[in-house]
>>> print(open('structure.csv').read())   # CSV, C-alpha atoms
chain,number,residue,atom,x,y,z
O,1,ARG,CA,0.0,0.0,0.0
O,2,LEU,CA,1.2,3.5,-0.8
O,3,GLU,CA,0.5,6.5,1.4
O,4,GLN,CA,1.1,10.1,0.2
O,5,TRP,CA,1.9,12.8,2.8
O,6,GLN,CA,2.0,16.5,2.4
O,7,GLY,CA,3.1,18.8,5.2
O,8,GLY,CA,2.9,16.0,7.7
O,9,THR,CA,-0.7,15.1,6.8
O,10,LYS,CA,-1.7,11.9,5.0
O,11,VAL,CA,-3.6,13.1,1.8
O,12,ALA,CA,-4.0,9.8,-0.1
O,13,LYS,CA,-3.5,6.0,0.1
O,14,SER,CA,-3.7,3.2,-2.4
O,15,GLN,CA,-5.5,-0.1,-2.1
O,16,TRP,CA,-3.7,-3.1,-0.6
O,17,THR,CA,-2.0,-5.3,-3.2
O,18,SER,CA,-1.3,-9.0,-2.9
O,19,VAL,CA,2.3,-10.0,-3.1
O,20,ALA,CA,3.3,-13.6,-3.4
O,21,SER,CA,6.0,-14.1,-0.8
O,22,THR,CA,7.2,-16.5,1.9
O,23,THR,CA,7.3,-15.6,5.5
O,24,LEU,CA,10.8,-15.2,7.0
O,25,GLU,CA,11.9,-14.8,10.5
O,26,VAL,CA,13.4,-11.3,10.7
O,27,ASP,CA,16.3,-11.5,13.2
O,28,SER,CA,17.5,-7.9,13.4
O,29,VAL,CA,16.9,-4.2,12.6
O,30,PRO,CA,17.4,-3.4,8.9
O,31,ASP,CA,20.7,-1.7,7.9
O,32,GLN,CA,20.8,2.0,7.3
O,33,PRO,CA,19.6,2.7,3.7
O,34,LEU,CA,21.8,4.3,1.2
O,35,ARG,CA,21.5,8.0,0.5
O,36,PRO,CA,18.3,8.7,-1.7
O,37,VAL,CA,19.0,9.6,-5.3
O,38,VAL,CA,17.3,12.9,-6.3
O,39,HIS,CA,17.0,13.4,-10.1
O,40,LEU,CA,14.9,14.7,-13.0
O,41,VAL,CA,14.0,18.0,-11.5
O,42,HIS,CA,11.2,19.7,-13.5
O,43,GLY,CA,9.8,23.0,-12.2
O,44,THR,CA,8.4,22.3,-8.7
O,45,MET,CA,8.8,18.5,-8.9
O,46,ALA,CA,11.8,16.2,-8.4
O,47,GLN,CA,12.0,12.4,-8.5
O,48,VAL,CA,13.4,10.5,-5.5
O,49,THR,CA,14.7,6.9,-5.8
O,50,ILE,CA,15.6,4.6,-2.9
O,51,LEU,CA,18.2,1.9,-3.0
O,52,ARG,CA,17.6,-1.1,-0.7
O,53,PRO,CA,20.7,-2.3,1.2
O,54,PRO,CA,21.5,-6.1,1.3
O,55,CYS,CA,19.4,-7.7,4.0
O,56,VAL,CA,21.2,-11.0,4.9
O,57,ARG,CA,24.0,-10.7,7.5
O,58,ASP,CA,25.7,-13.8,9.0
O,59,SER,CA,22.8,-16.0,7.7
O,60,LYS,CA,20.3,-13.8,9.5
O,61,TYR,CA,17.6,-11.7,7.9
O,62,ALA,CA,17.4,-8.0,8.5
O,63,CYS,CA,14.8,-7.3,5.8
O,64,ALA,CA,13.0,-4.0,5.6
O,65,GLU,CA,9.3,-4.3,5.7
O,66,ALA,CA,8.6,-0.6,5.2
O,67,TYR,CA,10.4,2.6,4.3
O,68,VAL,CA,9.8,6.2,5.3
O,69,ILE,CA,11.0,9.1,3.1
O,70,GLN,CA,11.2,12.5,4.8
O,71,GLN,CA,11.9,16.0,3.3
O,72,CYS,CA,13.2,19.2,4.8
O,73,GLN,CA,13.5,22.6,3.2
O,74,GLY,CA,16.4,25.0,3.9
O,75,ASP,CA,20.0,24.7,5.0
O,76,LEU,CA,20.3,22.1,7.7
O,77,GLY,CA,23.4,23.6,9.3
O,78,LEU,CA,25.1,21.4,11.8
O,79,ASP,CA,22.1,19.8,13.4
O,80,ALA,CA,20.0,17.9,10.8
O,81,GLN,CA,18.1,16.1,13.5
O,82,ALA,CA,16.6,19.3,14.9
O,83,SER,CA,15.3,20.5,11.5
O,84,GLU,CA,11.7,20.4,10.5
O,85,TRP,CA,11.5,17.1,8.7
O,86,LYS,CA,8.2,16.0,7.1
O,87,THR,CA,7.2,12.5,6.0
O,88,ILE,CA,6.3,12.5,2.3
O,89,LEU,CA,5.9,8.8,1.9
O,90,HIS,CA,5.4,5.7,4.1
O,91,LEU,CA,5.5,2.5,2.2
O,92,ALA,CA,5.2,-1.2,3.2
O,93,CYS,CA,7.0,-3.5,0.8
O,94,ALA,CA,8.1,-7.1,0.3
O,95,CYS,CA,11.8,-7.8,0.4
O,96,THR,CA,13.6,-9.5,-2.5
O,97,HIS,CA,16.6,-10.4,-0.3
O,98,PRO,CA,19.3,-8.5,-2.3
O,99,THR,CA,22.9,-9.4,-2.0
O,100,THR,CA,24.0,-6.0,-3.4
O,101,PRO,CA,22.2,-2.6,-3.2
O,102,GLU,CA,19.1,-2.5,-5.5
O,103,THR,CA,16.3,-0.1,-6.4
O,104,VAL,CA,13.2,-0.6,-4.3
O,105,GLN,CA,10.7,-0.9,-7.1
O,106,GLN,CA,7.8,0.7,-5.2
O,107,LEU,CA,10.1,3.6,-4.4
O,108,ASP,CA,11.6,4.1,-7.9
O,109,LYS,CA,11.2,7.7,-9.1
O,110,LYS,CA,8.6,8.9,-6.5
O,111,GLU,CA,7.7,12.5,-7.2
O,112,ALA,CA,8.3,15.1,-4.4
O,113,GLU,CA,7.1,18.6,-4.5
O,114,ILE,CA,9.9,21.2,-4.2
O,115,GLN,CA,10.2,25.0,-3.9
O,116,MET,CA,12.3,26.8,-6.4
O,117,GLY,CA,15.2,28.7,-4.9
O,118,THR,CA,15.3,26.6,-1.7
O,119,VAL,CA,17.6,23.8,-0.7
O,120,GLU,CA,15.6,20.6,-0.5
O,121,ASN,CA,16.8,17.7,1.7
O,122,PHE,CA,15.7,14.1,1.6
O,123,ARG,CA,16.4,11.1,3.9
O,124,VAL,CA,15.0,7.6,4.2
O,125,ARG,CA,14.7,5.0,7.0
O,126,ALA,CA,14.0,1.3,6.8
O,127,MET,CA,11.7,-0.5,9.3
O,128,ASN,CA,10.8,-4.0,10.3
O,129,SER,CA,9.3,-5.9,13.3
O,130,GLN,CA,12.6,-5.6,15.2
O,131,GLY,CA,12.9,-1.8,14.9
O,132,ASN,CA,14.0,1.1,12.7
O,133,SER,CA,17.3,1.6,11.0
O,134,ALA,CA,19.3,4.8,11.3
O,135,TRP,CA,18.3,7.5,8.9
O,136,SER,CA,20.2,7.5,5.6
O,137,GLU,CA,22.7,10.2,4.8
O,138,VAL,CA,20.9,13.3,3.6
O,139,ALA,CA,20.6,14.0,-0.1
O,140,ALA,CA,20.5,17.7,-0.8
O,141,LEU,CA,19.1,19.3,-3.9
O,142,LEU,CA,20.6,22.7,-4.3
O,143,PRO,CA,18.8,25.5,-6.3
O,144,PRO,CA,20.6,26.6,-9.4
O,145,PRO,CA,22.9,29.6,-9.1
O,146,ALA,CA,21.1,32.9,-9.4
O,147,ALA,CA,21.5,35.0,-12.6
O,148,PRO,CA,23.6,38.1,-12.1
O,149,GLN,CA,22.2,41.6,-12.5
O,150,ALA,CA,24.3,43.2,-15.2
O,151,ARG,CA,25.2,46.9,-15.4
O,152,LEU,CA,26.2,48.7,-18.6
O,153,ASP,CA,29.2,51.0,-18.3
O,154,ASN,CA,31.0,53.4,-20.7
O,155,VAL,CA,28.5,53.0,-23.6
O,156,THR,CA,29.8,54.4,-26.9
O,157,ALA,CA,28.8,53.9,-30.5
O,158,GLN,CA,31.5,51.2,-30.9
O,159,SER,CA,31.6,49.5,-27.5
O,160,LEU,CA,30.2,49.1,-24.0
O,161,GLY,CA,31.3,47.8,-20.7
O,162,LEU,CA,29.4,45.1,-18.8
O,163,SER,CA,29.9,44.5,-15.1
O,164,TRP,CA,28.1,42.5,-12.3
O,165,GLU,CA,28.5,41.3,-8.8
O,166,CYS,CA,28.7,37.6,-8.3
O,167,PRO,CA,25.3,36.3,-7.2
O,168,GLU,CA,24.5,33.6,-4.6
O,169,ASP,CA,26.1,30.4,-5.9
O,170,TYR,CA,24.4,27.9,-3.4
O,171,GLY,CA,27.6,25.9,-3.2
O,172,TYR,CA,28.0,25.4,-7.0
O,173,ASP,CA,31.4,26.1,-8.5
O,174,VAL,CA,30.4,28.7,-11.1
O,175,GLN,CA,33.2,28.6,-13.7
O,176,HIS,CA,31.9,31.0,-16.4
O,177,TYR,CA,29.0,33.1,-17.6
O,178,HIS,CA,27.4,33.3,-21.1
O,179,VAL,CA,26.8,36.8,-22.4
O,180,TYR,CA,24.4,37.1,-25.4
O,181,VAL,CA,24.0,40.2,-27.5
O,182,ARG,CA,20.9,41.0,-29.4
O,183,ARG,CA,20.8,43.9,-32.0
>>> encode(input="structure.csv", output="structure tokens")
Amino acid sequence: RLEQWQGGTKVAKSQWTSVASTTLEVDSVPDQPLRPVVHLVHGTMAQVTILRPPCVRDSKYACAEAYVIQQCQGDLGLDAQASEWKTILHLACACTHPTTPETVQQLDKKEAEIQMGTVENFRVRAMNSQGNSAWSEVAALLPPPAAPQARLDNVTAQSLGLSWECPEDYGYDVQHYHVYVRR
């Protein structure tokens, strides 16, 4: 079953689906999931994909039975735990017992609403009947660098000067600017 959350409130849920699986004895808490992958940003939407860590350790199962994805806007600073995290998806799923990290099919390319010009952070946690994993490392989606406000200087019939102050770069390494002239 899928549940959609916005601003900490459940807004929708899907019907239960039947999954053919066998029952396993889960022996320990799931491992910490890998950092979510944030990609395909379009306007105010981004896609988030979760990778499931291997679940067999020393012949014991630590399968994740559910995942929670949380989102937080703004710079986290030094204390990511104290920030305003909101659950955007809580999903129960069947484990395929991977031996290497693999995409959680039900969590492949889940859309998340984002705000333009704001740092967006995502994290994920795995859960089972034995407890919750640690939160994954945070995946940060940075806004693109701001466009500079150019000033014209020393305009003559043959030339002009163009100058600007470096805008906020949001941590990107801005290496060059493109200047276009239209006559």
>>> atom_distance(input="structure.csv", atom1="CA of His178 in chain O", atom2="CA of Thr156 in chain O")
22.0 Å
>>> closest_residue(input="structure.csv", among="O:Val68, O:Ala157, O:Val38, O:Leu89", to="Leu142 in chain O", atoms="only C-alpha atoms")
O:Val38
>>> atom_distance(input="structure.csv", atom1="CA of Pro148 in chain O", atom2="CA of Gln73 in chain O")
24.0 Å
>>> closest_atom_pairs(input="structure.csv", of="range 140-169 of chain O", to="range 116-120 of chain O", cutoff="7 Å", atoms="only C-alpha atoms", output="JSON lines")
{"residue": "O:Ala140", "atom": "CA", "partner": "O:Glu120", "partner_atom": "CA", "distance": 5.7}
{"residue": "O:Leu141", "atom": "CA", "partner": "O:Glu120", "partner_atom": "CA", "distance": 5.0}
{"residue": "O:Leu142", "atom": "CA", "partner": "O:Val119", "partner_atom": "CA", "distance": 4.8}
{"residue": "O:Pro143", "atom": "CA", "partner": "O:Gly117", "partner_atom": "CA", "distance": 5.0}
>>> atom_distance(input="structure.csv", atom1="CA of Cys95 in chain O", atom2="CA of Ile50 in chain O")
13.4 Å
>>> closest_residue(input="structure.csv", among="O:Val138, O:Cys63, O:Leu76, O:Ala126", to="Leu91 in chain O", atoms="all atoms listed in the file")
O:Ala126
>>> closest_residue(input="structure.csv", among="O:Val48, O:Ala12, O:Ala64, O:Val124", to="Trp85 in chain O", atoms="all atoms listed in the file")
O:Val124
>>> residues_near_point(input="structure.csv", point="(8.3, 18.5, -5.8)", cutoff="6 Å", atoms="only C-alpha atoms", output="PyMOL selection string")
chain O and resi 44-46+112-114
>>> decode(input="structure.csv", residues="range 109-121 of chain O", atoms="all heavy atoms", output="JSON list (two decimals), in the first residue's frame")
[["chain", "number", "residue", "atom", "x", "y", "z"],
["O", 109, "LYS", "N", 11.64, 6.45, -8.48],
["O", 109, "LYS", "CA", 11.18, 7.69, -9.11],
["O", 109, "LYS", "C", 9.88, 8.22, -8.50],
["O", 109, "LYS", "O", 8.95, 8.58, -9.21],
["O", 109, "LYS", "CB", 11.04, 7.50, -10.62],
["O", 109, "LYS", "CG", 12.34, 7.10, -11.28],
["O", 109, "LYS", "CD", 12.16, 6.85, -12.75],
["O", 109, "LYS", "CE", 13.45, 6.37, -13.38],
["O", 109, "LYS", "NZ", 13.28, 5.93, -14.73],
["O", 110, "LYS", "N", 9.80, 8.26, -7.19],
["O", 110, "LYS", "CA", 8.64, 8.86, -6.53],
["O", 110, "LYS", "C", 8.77, 10.37, -6.63],
["O", 110, "LYS", "O", 9.84, 10.93, -6.39],
["O", 110, "LYS", "CB", 8.57, 8.44, -5.06],
["O", 110, "LYS", "CG", 8.15, 7.02, -4.88],
["O", 110, "LYS", "CD", 6.77, 6.82, -5.45],
["O", 110, "LYS", "CE", 6.42, 5.38, -5.62],
["O", 110, "LYS", "NZ", 5.33, 5.16, -6.50],
["O", 111, "GLU", "N", 7.69, 11.03, -6.99],
["O", 111, "GLU", "CA", 7.74, 12.48, -7.16],
["O", 111, "GLU", "C", 7.59, 13.19, -5.82],
["O", 111, "GLU", "O", 6.80, 12.79, -4.97],
["O", 111, "GLU", "CB", 6.67, 12.94, -8.13],
["O", 111, "GLU", "CG", 6.98, 12.52, -9.55],
["O", 111, "GLU", "CD", 6.13, 13.24, -10.57],
["O", 111, "GLU", "OE1", 5.06, 13.76, -10.22],
["O", 111, "GLU", "OE2", 6.56, 13.27, -11.74],
["O", 112, "ALA", "N", 8.39, 14.23, -5.65],
["O", 112, "ALA", "CA", 8.34, 15.06, -4.45],
["O", 112, "ALA", "C", 8.21, 16.51, -4.88],
["O", 112, "ALA", "O", 8.87, 16.96, -5.81],
["O", 112, "ALA", "CB", 9.61, 14.88, -3.63],
["O", 113, "GLU", "N", 7.33, 17.22, -4.21],
["O", 113, "GLU", "CA", 7.14, 18.64, -4.50],
["O", 113, "GLU", "C", 8.29, 19.43, -3.90],
["O", 113, "GLU", "O", 8.68, 19.20, -2.76],
["O", 113, "GLU", "CB", 5.82, 19.10, -3.90],
["O", 113, "GLU", "CG", 5.34, 20.42, -4.44],
["O", 113, "GLU", "CD", 3.92, 20.74, -3.98],
["O", 113, "GLU", "OE1", 3.10, 19.81, -3.89],
["O", 113, "GLU", "OE2", 3.68, 21.92, -3.73],
["O", 114, "ILE", "N", 8.85, 20.35, -4.69],
["O", 114, "ILE", "CA", 9.95, 21.18, -4.22],
["O", 114, "ILE", "C", 9.62, 22.65, -4.44],
["O", 114, "ILE", "O", 8.75, 22.98, -5.24],
["O", 114, "ILE", "CB", 11.28, 20.81, -4.91],
["O", 114, "ILE", "CG1", 11.16, 21.00, -6.44],
["O", 114, "ILE", "CG2", 11.70, 19.40, -4.57],
["O", 114, "ILE", "CD1", 12.44, 20.81, -7.20],
["O", 115, "GLN", "N", 10.32, 23.52, -3.72],
["O", 115, "GLN", "CA", 10.17, 24.96, -3.89],
["O", 115, "GLN", "C", 11.38, 25.49, -4.63],
["O", 115, "GLN", "O", 12.52, 25.19, -4.24],
["O", 115, "GLN", "CB", 10.08, 25.66, -2.53],
["O", 115, "GLN", "CG", 8.71, 25.96, -2.08],
["O", 115, "GLN", "CD", 8.74, 26.83, -0.83],
["O", 115, "GLN", "OE1", 9.64, 26.77, -0.02],
["O", 115, "GLN", "NE2", 7.72, 27.62, -0.68],
["O", 116, "MET", "N", 11.16, 26.26, -5.66],
["O", 116, "MET", "CA", 12.26, 26.85, -6.42],
["O", 116, "MET", "C", 13.04, 27.82, -5.53],
["O", 116, "MET", "O", 12.45, 28.53, -4.73],
["O", 116, "MET", "CB", 11.74, 27.57, -7.67],
["O", 116, "MET", "CG", 11.06, 26.66, -8.67],
["O", 116, "MET", "SD", 12.09, 25.32, -9.27],
["O", 116, "MET", "CE", 13.28, 26.23, -10.20],
["O", 117, "GLY", "N", 14.36, 27.81, -5.67],
["O", 117, "GLY", "CA", 15.21, 28.74, -4.92],
["O", 117, "GLY", "C", 15.46, 28.31, -3.49],
["O", 117, "GLY", "O", 16.00, 29.09, -2.70],
["O", 118, "THR", "N", 15.08, 27.09, -3.11],
["O", 118, "THR", "CA", 15.26, 26.60, -1.74],
["O", 118, "THR", "C", 16.05, 25.30, -1.76],
["O", 118, "THR", "O", 15.84, 24.47, -2.64],
["O", 118, "THR", "CB", 13.88, 26.33, -1.09],
["O", 118, "THR", "OG1", 13.13, 27.53, -1.10],
["O", 118, "THR", "CG2", 14.03, 25.85, 0.34],
["O", 119, "VAL", "N", 16.94, 25.11, -0.80],
["O", 119, "VAL", "CA", 17.63, 23.84, -0.65],
["O", 119, "VAL", "C", 16.61, 22.82, -0.17],
["O", 119, "VAL", "O", 15.87, 23.07, 0.78],
["O", 119, "VAL", "CB", 18.80, 23.95, 0.35],
["O", 119, "VAL", "CG1", 19.46, 22.59, 0.56],
["O", 119, "VAL", "CG2", 19.82, 24.97, -0.11],
["O", 120, "GLU", "N", 16.53, 21.67, -0.84],
["O", 120, "GLU", "CA", 15.62, 20.59, -0.46],
["O", 120, "GLU", "C", 16.45, 19.40, -0.01],
["O", 120, "GLU", "O", 17.40, 19.01, -0.69],
["O", 120, "GLU", "CB", 14.73, 20.18, -1.64],
["O", 120, "GLU", "CG", 13.85, 21.28, -2.18],
["O", 120, "GLU", "CD", 12.61, 21.53, -1.34],
["O", 120, "GLU", "OE1", 12.33, 20.75, -0.40],
["O", 120, "GLU", "OE2", 11.91, 22.50, -1.62],
["O", 121, "ASN", "N", 16.11, 18.83, 1.13],
["O", 121, "ASN", "CA", 16.84, 17.70, 1.69],
["O", 121, "ASN", "C", 15.92, 16.50, 1.80],
["O", 121, "ASN", "O", 14.74, 16.65, 2.14],
["O", 121, "ASN", "CB", 17.37, 18.05, 3.08],
["O", 121, "ASN", "CG", 18.25, 19.28, 3.04],
["O", 121, "ASN", "OD1", 19.39, 19.20, 2.62],
["O", 121, "ASN", "ND2", 17.72, 20.42, 3.46]]
